[in-house]
>>> print(open('structure-v6.pdb').read())   # PDB, C-alpha atoms
ATOM      1  CA  MET A  21       5.672 -14.087  -3.265  1.00  0.00           C
ATOM      2  CA  LYS A  22       8.004 -12.353  -0.876  1.00  0.00           C
ATOM      3  CA  LEU A  23       9.278 -12.917   2.631  1.00  0.00           C
ATOM      4  CA  ALA A  24       8.762 -10.041   5.052  1.00  0.00           C
ATOM      5  CA  ARG A  25       8.569  -9.236   8.740  1.00  0.00           C
ATOM      6  CA  VAL A  26       5.520  -7.528  10.252  1.00  0.00           C
ATOM      7  CA  VAL A  27       6.646  -4.206  11.737  1.00  0.00           C
ATOM      8  CA  GLU A  28       3.637  -2.018  12.424  1.00  0.00           C
ATOM      9  CA  THR A  29       0.055  -1.355  11.470  1.00  0.00           C
ATOM     10  CA  VAL A  30      -1.299   1.500   9.374  1.00  0.00           C
ATOM     11  CA  VAL A  31      -4.587   2.996  10.534  1.00  0.00           C
ATOM     12  CA  SER A  32      -6.808   5.050   8.261  1.00  0.00           C
ATOM     13  CA  THR A  33     -10.374   6.320   8.314  1.00  0.00           C
ATOM     14  CA  ILE A  34     -10.472   7.903   4.894  1.00  0.00           C
ATOM     15  CA  ASN A  35      -9.507   5.231   2.392  1.00  0.00           C
ATOM     16  CA  ALA A  36     -10.627   3.328  -0.663  1.00  0.00           C
ATOM     17  CA  PRO A  37     -13.667   1.179   0.277  1.00  0.00           C
ATOM     18  CA  VAL A  38     -11.761  -2.091  -0.135  1.00  0.00           C
ATOM     19  CA  PHE A  39      -9.714  -1.250   2.981  1.00  0.00           C
ATOM     20  CA  ASP A  40     -12.754  -0.666   5.238  1.00  0.00           C
ATOM     21  CA  GLY A  41     -12.566  -3.043   8.180  1.00  0.00           C
ATOM     22  CA  ARG A  42      -9.321  -4.562   6.991  1.00  0.00           C
ATOM     23  CA  ARG A  43      -5.999  -4.630   8.794  1.00  0.00           C
ATOM     24  CA  LEU A  44      -3.048  -3.021   7.033  1.00  0.00           C
ATOM     25  CA  LEU A  45       0.409  -4.169   8.034  1.00  0.00           C
ATOM     26  CA  ARG A  46       3.679  -2.496   7.175  1.00  0.00           C
ATOM     27  CA  CYS A  47       6.123  -5.315   6.507  1.00  0.00           C
ATOM     28  CA  ASP A  48       9.877  -4.999   5.983  1.00  0.00           C
ATOM     29  CA  LEU A  49      11.081  -7.144   3.083  1.00  0.00           C
ATOM     30  CA  LEU A  50      13.558  -9.891   3.978  1.00  0.00           C
ATOM     31  CA  ASP A  51      16.277 -11.892   2.294  1.00  0.00           C
ATOM     32  CA  PRO A  52      15.850 -15.684   2.407  1.00  0.00           C
ATOM     33  CA  ASP A  53      18.270 -15.713   5.365  1.00  0.00           C
ATOM     34  CA  GLY A  54      15.968 -13.414   7.310  1.00  0.00           C
ATOM     35  CA  GLU A  55      18.009 -10.223   6.970  1.00  0.00           C
ATOM     36  CA  PRO A  56      16.297  -6.977   5.893  1.00  0.00           C
ATOM     37  CA  ALA A  57      16.437  -6.727   2.100  1.00  0.00           C
ATOM     38  CA  GLY A  58      15.662  -3.012   2.116  1.00  0.00           C
ATOM     39  CA  GLY A  59      12.261  -1.542   1.544  1.00  0.00           C
ATOM     40  CA  TYR A  60       8.827  -2.480   2.808  1.00  0.00           C
ATOM     41  CA  LEU A  61       5.283  -3.005   1.619  1.00  0.00           C
ATOM     42  CA  ILE A  62       1.964  -2.157   3.215  1.00  0.00           C
ATOM     43  CA  ALA A  63      -0.198  -5.261   2.874  1.00  0.00           C
ATOM     44  CA  VAL A  64      -3.761  -6.273   3.693  1.00  0.00           C
ATOM     45  CA  ASP A  65      -3.732  -8.977   6.365  1.00  0.00           C
ATOM     46  CA  THR A  66      -5.713 -12.121   5.498  1.00  0.00           C
ATOM     47  CA  VAL A  67      -4.236 -14.511   8.074  1.00  0.00           C
ATOM     48  CA  GLY A  68      -4.097 -12.671  11.419  1.00  0.00           C
ATOM     49  CA  ALA A  69      -0.347 -12.082  11.500  1.00  0.00           C
ATOM     50  CA  GLY A  70       1.189 -10.686  14.674  1.00  0.00           C
ATOM     51  CA  ALA A  71       4.018  -8.333  15.536  1.00  0.00           C
ATOM     52  CA  GLY A  72       7.477  -9.464  14.490  1.00  0.00           C
ATOM     53  CA  GLU A  73       6.281 -12.510  12.567  1.00  0.00           C
ATOM     54  CA  ILE A  74       7.811 -13.533   9.270  1.00  0.00           C
ATOM     55  CA  VAL A  75       5.091 -13.663   6.660  1.00  0.00           C
ATOM     56  CA  LEU A  76       4.483 -14.446   3.004  1.00  0.00           C
ATOM     57  CA  LEU A  77       3.445 -11.467   0.920  1.00  0.00           C
ATOM     58  CA  LEU A  78       1.526 -11.787  -2.310  1.00  0.00           C
ATOM     59  CA  ASP A  79       2.208  -8.764  -4.540  1.00  0.00           C
ATOM     60  CA  GLU A  80      -0.012  -9.191  -7.583  1.00  0.00           C
ATOM     61  CA  GLY A  81      -3.281  -7.418  -8.163  1.00  0.00           C
ATOM     62  CA  ASN A  82      -5.466 -10.023  -9.856  1.00  0.00           C
ATOM     63  CA  SER A  83      -4.660 -12.655  -7.261  1.00  0.00           C
ATOM     64  CA  ALA A  84      -5.185 -10.172  -4.455  1.00  0.00           C
ATOM     65  CA  ARG A  85      -8.612  -9.151  -5.707  1.00  0.00           C
ATOM     66  CA  GLN A  86      -9.606 -12.772  -6.194  1.00  0.00           C
ATOM     67  CA  ILE A  87      -8.661 -13.652  -2.618  1.00  0.00           C
ATOM     68  CA  LEU A  88     -10.530 -10.637  -1.238  1.00  0.00           C
ATOM     69  CA  GLY A  89     -13.513 -11.396  -3.464  1.00  0.00           C
ATOM     70  CA  VAL A  90     -13.711  -7.980  -5.093  1.00  0.00           C
ATOM     71  CA  ALA A  91     -13.959  -7.290  -8.826  1.00  0.00           C
ATOM     72  CA  GLN A  92     -12.416  -3.848  -8.884  1.00  0.00           C
ATOM     73  CA  ALA A  93     -10.224  -2.478  -6.131  1.00  0.00           C
ATOM     74  CA  PRO A  94      -6.848  -0.744  -5.871  1.00  0.00           C
ATOM     75  CA  VAL A  95      -5.198  -3.552  -3.947  1.00  0.00           C
ATOM     76  CA  ARG A  96      -2.252  -5.716  -4.898  1.00  0.00           C
ATOM     77  CA  THR A  97      -0.392  -6.732  -1.731  1.00  0.00           C
ATOM     78  CA  LEU A  98      -1.710  -9.245   0.819  1.00  0.00           C
ATOM     79  CA  VAL A  99      -0.271 -11.111   3.777  1.00  0.00           C
ATOM     80  CA  VAL A 100      -1.145 -14.676   2.768  1.00  0.00           C
ATOM     81  CA  GLY A 101       0.885 -16.826   5.131  1.00  0.00           C
ATOM     82  CA  ILE A 102       2.848 -16.992   8.360  1.00  0.00           C
ATOM     83  CA  VAL A 103       6.245 -18.591   7.901  1.00  0.00           C
ATOM     84  CA  ASP A 104       7.271 -21.320  10.333  1.00  0.00           C
ATOM     85  CA  GLU A 105      10.670 -22.034   8.869  1.00  0.00           C
ATOM     86  CA  VAL A 106      12.891 -21.276   5.889  1.00  0.00           C
ATOM     87  CA  ALA A 107      15.520 -23.854   4.990  1.00  0.00           C
ATOM     88  CA  LEU A 108      18.259 -23.021   2.508  1.00  0.00           C
ATOM     89  CA  GLY A 109      20.514 -25.447   0.668  1.00  0.00           C
TER      90      GLY A 109
ATOM     91  CA  MET B  15       1.509   0.022  -1.046  1.00  0.00           C
ATOM     92  CA  GLN B  16       3.919   2.582   0.288  1.00  0.00           C
ATOM     93  CA  LEU B  17       3.756   5.481   2.699  1.00  0.00           C
ATOM     94  CA  ALA B  18       4.143   8.919   1.131  1.00  0.00           C
ATOM     95  CA  ARG B  19       3.823  12.571   2.009  1.00  0.00           C
ATOM     96  CA  VAL B  20       1.740  14.885  -0.172  1.00  0.00           C
ATOM     97  CA  ILE B  21       4.002  17.774  -1.145  1.00  0.00           C
ATOM     98  CA  GLY B  22       2.148  19.518  -3.924  1.00  0.00           C
ATOM     99  CA  THR B  23      -0.608  19.716  -6.474  1.00  0.00           C
ATOM    100  CA  VAL B  24      -0.644  19.466 -10.252  1.00  0.00           C
ATOM    101  CA  VAL B  25      -3.052  21.161 -12.602  1.00  0.00           C
ATOM    102  CA  ALA B  26      -3.285  19.846 -16.163  1.00  0.00           C
ATOM    103  CA  THR B  27      -5.973  21.113 -18.476  1.00  0.00           C
ATOM    104  CA  VAL B  28      -5.091  18.920 -21.413  1.00  0.00           C
ATOM    105  CA  LYS B  29      -5.269  15.312 -20.293  1.00  0.00           C
ATOM    106  CA  SER B  30      -5.766  11.847 -21.662  1.00  0.00           C
ATOM    107  CA  PRO B  31      -9.442  10.853 -21.943  1.00  0.00           C
ATOM    108  CA  GLY B  32     -10.752   9.471 -18.652  1.00  0.00           C
ATOM    109  CA  LEU B  33      -8.607  11.725 -16.510  1.00  0.00           C
ATOM    110  CA  GLU B  34     -11.088  14.598 -16.437  1.00  0.00           C
ATOM    111  CA  GLY B  35     -11.916  15.476 -12.855  1.00  0.00           C
ATOM    112  CA  VAL B  36      -9.114  13.376 -11.415  1.00  0.00           C
ATOM    113  CA  LYS B  37      -7.171  15.339  -8.803  1.00  0.00           C
ATOM    114  CA  LEU B  38      -3.421  15.025  -9.229  1.00  0.00           C
ATOM    115  CA  LEU B  39      -1.038  15.448  -6.308  1.00  0.00           C
ATOM    116  CA  ILE B  40       2.734  15.263  -5.985  1.00  0.00           C
ATOM    117  CA  VAL B  41       3.744  12.696  -3.391  1.00  0.00           C
ATOM    118  CA  GLN B  42       7.151  11.938  -1.904  1.00  0.00           C
ATOM    119  CA  PRO B  43       7.553   8.229  -1.077  1.00  0.00           C
ATOM    120  CA  LEU B  44       8.841   7.535   2.457  1.00  0.00           C
ATOM    121  CA  ASN B  45      10.884   4.729   3.946  1.00  0.00           C
ATOM    122  CA  GLY B  46       9.987   2.846   7.110  1.00  0.00           C
ATOM    123  CA  GLN B  47      11.388   5.663   9.238  1.00  0.00           C
ATOM    124  CA  ARG B  48       9.159   8.168   7.396  1.00  0.00           C
ATOM    125  CA  GLN B  49      12.185   9.683   5.646  1.00  0.00           C
ATOM    126  CA  PRO B  50      12.017  10.607   1.933  1.00  0.00           C
ATOM    127  CA  VAL B  51      13.236   7.850  -0.352  1.00  0.00           C
ATOM    128  CA  GLY B  52      13.547   8.108  -4.118  1.00  0.00           C
ATOM    129  CA  GLY B  53      11.980  10.728  -6.310  1.00  0.00           C
ATOM    130  CA  ALA B  54       8.582  12.325  -5.954  1.00  0.00           C
ATOM    131  CA  VAL B  55       5.807  11.101  -8.239  1.00  0.00           C
ATOM    132  CA  VAL B  56       2.453  12.376  -9.420  1.00  0.00           C
ATOM    133  CA  ALA B  57      -0.447  10.385  -7.995  1.00  0.00           C
ATOM    134  CA  ALA B  58      -4.186  10.465  -8.588  1.00  0.00           C
ATOM    135  CA  ASP B  59      -6.138  11.246  -5.413  1.00  0.00           C
ATOM    136  CA  ALA B  60      -8.633   8.390  -5.171  1.00  0.00           C
ATOM    137  CA  VAL B  61      -9.913   9.429  -1.738  1.00  0.00           C
ATOM    138  CA  HIS B  62     -10.723  12.985  -2.903  1.00  0.00           C
ATOM    139  CA  MET B  63      -9.671  14.431   0.441  1.00  0.00           C
ATOM    140  CA  ALA B  64      -5.874  14.358   0.502  1.00  0.00           C
ATOM    141  CA  GLY B  65      -3.954  17.611   0.608  1.00  0.00           C
ATOM    142  CA  PRO B  66      -0.410  18.935   0.970  1.00  0.00           C
ATOM    143  CA  GLY B  67       1.345  17.877   4.166  1.00  0.00           C
ATOM    144  CA  GLU B  68      -0.711  14.747   4.728  1.00  0.00           C
ATOM    145  CA  LEU B  69       0.699  11.281   5.276  1.00  0.00           C
ATOM    146  CA  VAL B  70      -0.968   8.884   2.855  1.00  0.00           C
ATOM    147  CA  TYR B  71      -0.535   5.437   1.395  1.00  0.00           C
ATOM    148  CA  VAL B  72      -0.137   4.960  -2.300  1.00  0.00           C
ATOM    149  CA  VAL B  73      -0.691   2.008  -4.590  1.00  0.00           C
ATOM    150  CA  ALA B  74       1.491   1.759  -7.681  1.00  0.00           C
ATOM    151  CA  ALA B  75       1.337   0.163 -11.124  1.00  0.00           C
ATOM    152  CA  ARG B  76      -1.768  -1.283 -12.777  1.00  0.00           C
ATOM    153  CA  GLU B  77      -3.742  -1.347  -9.547  1.00  0.00           C
ATOM    154  CA  ALA B  78      -3.596   2.442  -9.249  1.00  0.00           C
ATOM    155  CA  ALA B  79      -6.136   2.880 -12.024  1.00  0.00           C
ATOM    156  CA  GLN B  80      -8.475   0.475 -10.218  1.00  0.00           C
ATOM    157  CA  ALA B  81      -8.909   3.154  -7.569  1.00  0.00           C
ATOM    158  CA  LEU B  82     -10.691   5.431 -10.020  1.00  0.00           C
ATOM    159  CA  PRO B  83     -14.285   5.279 -11.252  1.00  0.00           C
ATOM    160  CA  GLU B  84     -13.067   4.561 -14.778  1.00  0.00           C
ATOM    161  CA  PRO B  85     -10.465   1.796 -14.335  1.00  0.00           C
ATOM    162  CA  PHE B  86      -8.937   1.937 -17.793  1.00  0.00           C
ATOM    163  CA  VAL B  87      -7.076   5.214 -17.481  1.00  0.00           C
ATOM    164  CA  PRO B  88      -3.383   6.037 -17.735  1.00  0.00           C
ATOM    165  CA  VAL B  89      -2.598   6.311 -14.021  1.00  0.00           C
ATOM    166  CA  ASP B  90       0.295   4.519 -12.315  1.00  0.00           C
ATOM    167  CA  HIS B  91       0.150   5.862  -8.751  1.00  0.00           C
ATOM    168  CA  ALA B  92      -2.965   6.513  -6.686  1.00  0.00           C
ATOM    169  CA  ILE B  93      -3.533   7.737  -3.143  1.00  0.00           C
ATOM    170  CA  VAL B  94      -5.877   5.154  -1.625  1.00  0.00           C
ATOM    171  CA  GLY B  95      -5.797   6.119   2.057  1.00  0.00           C
ATOM    172  CA  ILE B  96      -5.022   8.971   4.433  1.00  0.00           C
ATOM    173  CA  VAL B  97      -3.009   7.730   7.400  1.00  0.00           C
ATOM    174  CA  ASP B  98      -4.411   8.427  10.868  1.00  0.00           C
ATOM    175  CA  ALA B  99      -1.634   6.580  12.675  1.00  0.00           C
ATOM    176  CA  VAL B 100       1.133   4.067  12.205  1.00  0.00           C
ATOM    177  CA  GLU B 101       1.150   1.921  15.338  1.00  0.00           C
ATOM    178  CA  PRO B 102       2.686  -1.160  16.901  1.00  0.00           C
ATOM    179  CA  VAL B 103       0.900  -4.296  15.777  1.00  0.00           C
ATOM    180  CA  GLY B 104      -1.690  -5.734  18.136  1.00  0.00           C
ATOM    181  CA  GLY B 105      -3.273  -9.136  17.829  1.00  0.00           C
ATOM    182  CA  ARG B 106      -1.823 -12.564  18.088  1.00  0.00           C
ATOM    183  CA  ALA B 107       1.906 -13.061  18.531  1.00  0.00           C
ATOM    184  CA  ARG B 108       2.982 -16.659  18.161  1.00  0.00           C
ATOM    185  CA  ARG B 109       6.579 -16.252  19.185  1.00  0.00           C
TER     186      ARG B 109
END
>>> encode(input="structure-v6.pdb", output="structure tokens")
Amino acid sequence: MKLARVVETVVSTINAPVFDGRRLLRCDLLDPDGEPAGGYLIAVDTVGAGAGEIVLLLDEGNSARQILGVAQAPVRTLVVGIVDEVALG
Amino acid sequence: MQLARVIGTVVATVKSPGLEGVKLLIVQPLNGQRQPVGGAVVAADAVHMAGPGELVYVVAAREAAQALPEPFVPVDHAIVGIVDAVEPVGGRARR
């Protein structure tokens, strides 16, 4: 899984059916120390994450489909947690 | 998934089995500021309505083929949504 910060939301009307009624969040990837690592992922929210929050991203298709309860869908990235704290060392 | 801009179309008559009828578009991946990043790639249009100039989101790797009716096809990028807007996040903010 990856650490990321919620930046903005992506809104679409025409999309693959799996995204109907789901919230898509654009999340900037972070280093463990909370600095931007470069790059971002658009993820399906499963936890109700809010603006600016540090979240856990799952980036693996089989797990993502299992969590969403769909057998076939073009989805691989989910927001699966909201991070309270990261401790290093 | 990543944001991308559709910048062209591809026509291929001779294709791997399973790709018949799949629309192929050239997409330029974008960074968070909607600026081009990296090289353009060819993506299957899984929403059947994307066209040049549109902002879309694209799924890469194995999951791309899952966007198509026949999921065991040689596709590694697929357009799975046309972006209406990219907005500030609403909803709960804990801190």
>>> interface_residues(input="structure-v6.pdb", of="chain A", to="chain B", cutoff="8 Å", atoms="all atoms listed in the file", output="PyMOL selection string")
chain A and resi 26-36+45+48+59-63+68-73+81+92-97
>>> atom_distance(input="structure-v6.pdb", atom1="CA of Ile87 in chain A", atom2="CA of Asp59 in chain B")
25.2 Å
>>> atom_distance(input="structure-v6.pdb", atom1="CA of Ser83 in chain A", atom2="CA of Arg25 in chain A")
21.0 Å
>>> closest_residue(input="structure-v6.pdb", among="A:Gly58, A:Val90, A:Phe39, A:Leu23", to="Leu77 in chain A", atoms="only C-alpha atoms")
A:Leu23
>>> resolve_selection(input="structure-v6.pdb", expression="the PyMOL selection byres ((chain B and resi 30-40) around 8)", output="PyMOL selection string")
chain B and resi 20-25+28-29+41-42+54-60+62+65+84+86-88
>>> atom_distance(input="structure-v6.pdb", atom1="CA of Gly109 in chain A", atom2="CA of Asp51 in chain A")
14.3 Å
>>> closest_residue(input="structure-v6.pdb", among="A:Leu76, A:Ala107, A:Ala24, A:Ala91", to="Glu55 in chain A", atoms="all atoms listed in the file")
A:Ala24
>>> closest_residue(input="structure-v6.pdb", among="A:Leu88, A:Leu108, A:Ala57, A:Cys47", to="Val75 in chain A", atoms="all atoms listed in the file")
A:Cys47
>>> closest_residue(input="structure-v6.pdb", among="B:His91, B:Glu68, B:Gly53, B:Arg48", to="Arg19 in chain B", atoms="only C-alpha atoms")
B:Glu68
>>> closest_residue(input="structure-v6.pdb", among="A:Asn82, A:Asp53, A:Met21, A:Val64", to="Gly41 in chain A", atoms="all atoms listed in the file")
A:Val64
